[in-house]
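Visitor: Take a look at the following structure, please.
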Amino acid sequence: MAQRRRRPLFPQPPRHVSAAPEALLVTETREPGRPDEASFLSVSSLKPMPYRVTIPSDSNVCNGLLCFAVERDDAMAFVCNPVTGEKATLPKAPPPVGLPGGTVHHVFALGFSPSTLEHKLFRFSFSHFNFIDNYPVDQSVCTLGGAGGGWRQRSCHTQSTLLHTSPPVLLGGKLYMVTTGRTWVDKKPREPDGLLEVDVATEAHRTFPLPFGADEYHSSWDPPVNTFEMSWRLCLAVDLLRGRETTVRKIQFWVLSSPPLDQQFQEDDGKLCWDMCYSFYAGESYCFNQPRSAWFDHREMTLWYRDYKGLFKHRTKGRAPEPSPEADCPQCDRLLQLPPTPSNCQWHIYVGYRPSLLSPLTLAPPPSSWEGEEERQEFEHAMLFTLR
């Protein structure tokens, strides 16, 4: 169990952070015969952005930029700025190494280091069989903006595989991803669920235990956790379902005590210091394999949690943090029903968004550095010589 230590709940922002983060609604439109598109709306200001961009699948937020990618080995990622509508394609990653044959999953994450002022694109690749055997995760990294010298590869050893349904979160120059210890092998004990931290500047990684036990949910489940930023600190939204004959569903919000993380460690360097600050009851029903997300509205001091049936809205202003995870908690302040989603659309809330005018083109390599560009030019010259 994580160490608990009480800290001021709403500290001042770190120096390198210029504004409170916003939640960004990304709506993806997918129709046969047409390229997939994404449109954007700021949840905080409720203002739609005028641009739509053609996209692949998964994405994550890096301050004012969004990174989109697909899981195919030969696919390239690209970044876009929802404010300006600009987008740029990024270099293609090399094939992963050290993994067995069969299905390979990829998680892409765009990160920024305030200490080095560098943007880096990370790709984490892991085998579909990680649920059976603990194969290493292939970590490939590319420094963007013309200063990196291409992709670099290293093994990222974790006890559990990455939970690729939860987008990476960037906070304080570090990327955070949830790992799942779920196993498909009968009678094999569940591996510990955890939180993978990757330092963007050094590219080093560490894995920490989650601040609650795996006995809080069914052993065959992935950890029901969403990561987001709350008052410049990392927060975990945990959806717990307890009981057998009568189920009780509770949403807990665990907050990392205070930045910087290097000051959070106790004598045990493998644990972080967490506070379980808020929780509420969310009824008795639960639906599997449905998108979930959580975010914090800094203007209204309100926690939001999305599940399959609606939006839970819970105010924190004037509320004292709860004394312990076992303490009784209130019902959610308000449950908002979601409008029907069109059959050709899907949507998600991405957290940590800070609008900016940064051009994605500053991160893209010059055309001459593309893989295969030199061969293409040689072919064109040879073809012109042949046709003369």
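Ordering of the structure tokens sets the chain letters (A, B, ...), residue numbers begin anew at 1 in every chain, and ligands are numbered from 1 in the order given.
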Within 8 Å of Ser59 of chain A, counting only C-alpha atoms, which residues qualify if same-chain residues fewer than 2 places away don't, as a PyMOL selection string?
Guide: chain A and resi 57+61+66-69+108-109+167
Visitor: Would you pick out the contacts of segment 80-91 of chain A at 6 Å or less, using only C-alpha atoms, so that residues sharing its chain but fewer than 4 positions from it are not included, and give the list as an MDAnalysis selection string?
Guide: chainID A and resid 51 65:66 360:361 364
Visitor: Taking C-alpha atoms for each residue, export the selection above as a PDB file, in the first residue's frame.
Guide:
```
ATOM      1  CA  TYR A  51     -10.426  22.916 -37.857  1.00  0.00           C
ATOM      2  CA  LEU A  65      -0.355  19.411 -29.382  1.00  0.00           C
ATOM      3  CA  LEU A  66      -2.129  16.119 -30.044  1.00  0.00           C
ATOM      4  CA  PRO A 360       3.893  21.006 -35.381  1.00  0.00           C
ATOM      5  CA  LEU A 361       6.073  21.676 -38.422  1.00  0.00           C
ATOM      6  CA  ALA A 364       8.936  17.343 -38.302  1.00  0.00           C
TER       7      ALA A 364
END
```
Visitor: Please provide as a list in words all residues within 6 Å of Ile251 of chain A, with the sequence filter that same-chain residues fewer than 4 positions apart are discarded (counting only C-alpha atoms).
Guide: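 So the residues in contact are Val238, Asp239, Ser279 and Phe280 of chain A.
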Visitor: Separation of atom CA of Leu24 of chain A and atom CA of Asn226 of chain A, in Å?
Guide: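 Taking atom CA of Leu24 of chain A as the start and atom CA of Asn226 of chain A as the end point, the length is 15.3 Å.
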Visitor: Could you pull the residues within 9 Å of segment 348-354 of chain A, counting only C-alpha atoms, minus those fewer than 2 positions along the same chain, as a PDB file with C-alpha atoms, in the first residue's frame?
Guide:
```pdb
ATOM      1  CA  SER A  18       2.085  28.727 -17.742  1.00  0.00           C
ATOM      2  CA  ALA A  19      -1.600  27.893 -17.406  1.00  0.00           C
ATOM      3  CA  ALA A  20      -4.029  25.462 -15.833  1.00  0.00           C
ATOM      4  CA  PRO A  21      -4.764  22.457 -18.049  1.00  0.00           C
ATOM      5  CA  GLU A  22      -8.032  22.058 -19.896  1.00  0.00           C
ATOM      6  CA  ALA A  23     -10.034  19.055 -20.971  1.00  0.00           C
ATOM      7  CA  LEU A  24     -10.367  18.636 -24.718  1.00  0.00           C
ATOM      8  CA  LEU A  25     -13.285  16.841 -26.359  1.00  0.00           C
ATOM      9  CA  VAL A  26     -12.078  14.994 -29.460  1.00  0.00           C
ATOM     10  CA  THR A  27     -14.820  13.644 -31.730  1.00  0.00           C
ATOM     11  CA  GLU A  28     -13.719  11.138 -34.366  1.00  0.00           C
ATOM     12  CA  SER A  42     -12.600  22.945 -25.357  1.00  0.00           C
ATOM     13  CA  VAL A  43     -14.623  21.552 -22.463  1.00  0.00           C
ATOM     14  CA  SER A  59      -3.731   9.845 -29.460  1.00  0.00           C
ATOM     15  CA  ASN A  60      -2.299  11.620 -26.457  1.00  0.00           C
ATOM     16  CA  VAL A  61      -1.952  15.273 -25.430  1.00  0.00           C
ATOM     17  CA  CYS A  62       1.373  17.083 -25.089  1.00  0.00           C
ATOM     18  CA  ASN A  63       0.546  20.583 -23.835  1.00  0.00           C
ATOM     19  CA  GLY A  64      -0.969  22.268 -26.935  1.00  0.00           C
ATOM     20  CA  LEU A  65      -0.355  19.411 -29.382  1.00  0.00           C
ATOM     21  CA  LEU A  66      -2.129  16.119 -30.044  1.00  0.00           C
ATOM     22  CA  PRO A 167      -3.875   7.274 -22.961  1.00  0.00           C
ATOM     23  CA  VAL A 169      -0.490  11.510 -19.447  1.00  0.00           C
ATOM     24  CA  LEU A 170       2.333  14.087 -19.529  1.00  0.00           C
ATOM     25  CA  LEU A 171       3.039  15.979 -16.311  1.00  0.00           C
ATOM     26  CA  THR A 227      -4.881   9.173 -14.955  1.00  0.00           C
ATOM     27  CA  PHE A 228      -5.205  12.950 -15.203  1.00  0.00           C
ATOM     28  CA  GLU A 229      -3.856  16.202 -13.797  1.00  0.00           C
ATOM     29  CA  PRO A 291     -14.629   4.091 -22.611  1.00  0.00           C
ATOM     30  CA  ARG A 292     -14.059   5.997 -19.398  1.00  0.00           C
ATOM     31  CA  SER A 293     -12.257   9.237 -18.639  1.00  0.00           C
ATOM     32  CA  ALA A 294     -11.769  11.674 -15.782  1.00  0.00           C
ATOM     33  CA  TRP A 295     -10.715  15.292 -15.544  1.00  0.00           C
ATOM     34  CA  PHE A 296     -10.646  18.279 -13.197  1.00  0.00           C
ATOM     35  CA  ARG A 306     -17.377   9.752 -17.670  1.00  0.00           C
ATOM     36  CA  GLN A 346     -16.717   8.058 -31.246  1.00  0.00           C
ATOM     37  CA  SER A 356      -0.732  27.209 -27.770  1.00  0.00           C
TER      38      SER A 356
END
```
Visitor: Under the rule that only C-alpha atoms are counted, which of A:Arg52, A:Arg123, A:His164, A:Lys317 is the nearest residue to Ala77 of chain A?
Guide: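 Of the candidates, the smallest distance to Ala77 of chain A is held by A:Arg123.
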Visitor: Considering only C-alpha atoms, return as a list of chain:residue names whatever protein or nucleic-acid residues lie within 7 Å of segment 205-208 of chain A, sequence-local ones (same chain, fewer than 2 positions apart) excluded.
Guide: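 Result of the neighbour search: A:Thr158, A:Gly194, A:Leu195, A:Leu196, A:Glu197, A:Val198, A:Asp199, A:Glu203, A:Leu210, A:Gly270, A:Lys271.
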Visitor: Write out, as a compact mmCIF listing (two decimals), in the first residue's frame, the residues just selected, with C-alpha atoms.
Guide:
```txt
# COMPACT_ATOMS: atom_id res chain seq x y z
CA THR A 158 8.11 -4.12 -16.21
CA GLY A 194 1.32 -0.41 -11.43
CA LEU A 195 2.15 3.02 -12.76
CA LEU A 196 4.97 3.34 -15.30
CA GLU A 197 6.84 6.64 -15.12
CA VAL A 198 9.13 7.65 -18.02
CA ASP A 199 11.37 10.71 -17.72
CA GLU A 203 14.38 8.38 -21.08
CA LEU A 210 -0.90 1.68 -7.36
CA GLY A 270 9.61 1.96 -4.85
CA LYS A 271 6.58 3.76 -3.43
```
Visitor: Give the answer as one residue: which of A:Gln139, A:Ser166, A:Thr362, A:Thr161 has the shortest atom-to-atom distance to Asp193 of chain A, using only C-alpha atoms?
Guide: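 Looking at the shortest contact to Asp193 of chain A, the residue is A:Thr161.
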Visitor: As an exercise, work out the distance from atom CA of Pro192 of chain A to atom CA of Gln153 of chain A in Å and give it to one decimal place.
Guide: 25.6 Å
Visitor: Would you mind telling me which residue in A:Gly181, A:Gly173, A:Gly98, A:Gly145 lies nearest to Ser115 of chain A when using only C-alpha atoms?
Guide: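 Among the listed residues, the smallest separation from Ser115 of chain A belongs to A:Gly173.
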Visitor: Which neighbours of segment 314-316 of chain A fall inside 9 Å, counting only C-alpha atoms, when residues of the same chain fewer than 3 positions from it are skipped, and could you give them as a list in words?
Guide: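 Neighbouring residues, sequence-local ones excluded: Tyr278, Ser279, Phe280, Glu300, Met301, Thr302, Leu303, Trp304, Tyr305, Arg319, Ala320, Pro321, Cys332, Asp333, Arg334 and Leu335 of chain A.
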Visitor: If I take atom CA of Cys277 of chain A and atom CA of Ser231 of chain A, how far is one from the other in Å, to one decimal?
Guide: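 Interatomic distance, atom CA of Cys277 of chain A to atom CA of Ser231 of chain A: 12.6 Å.
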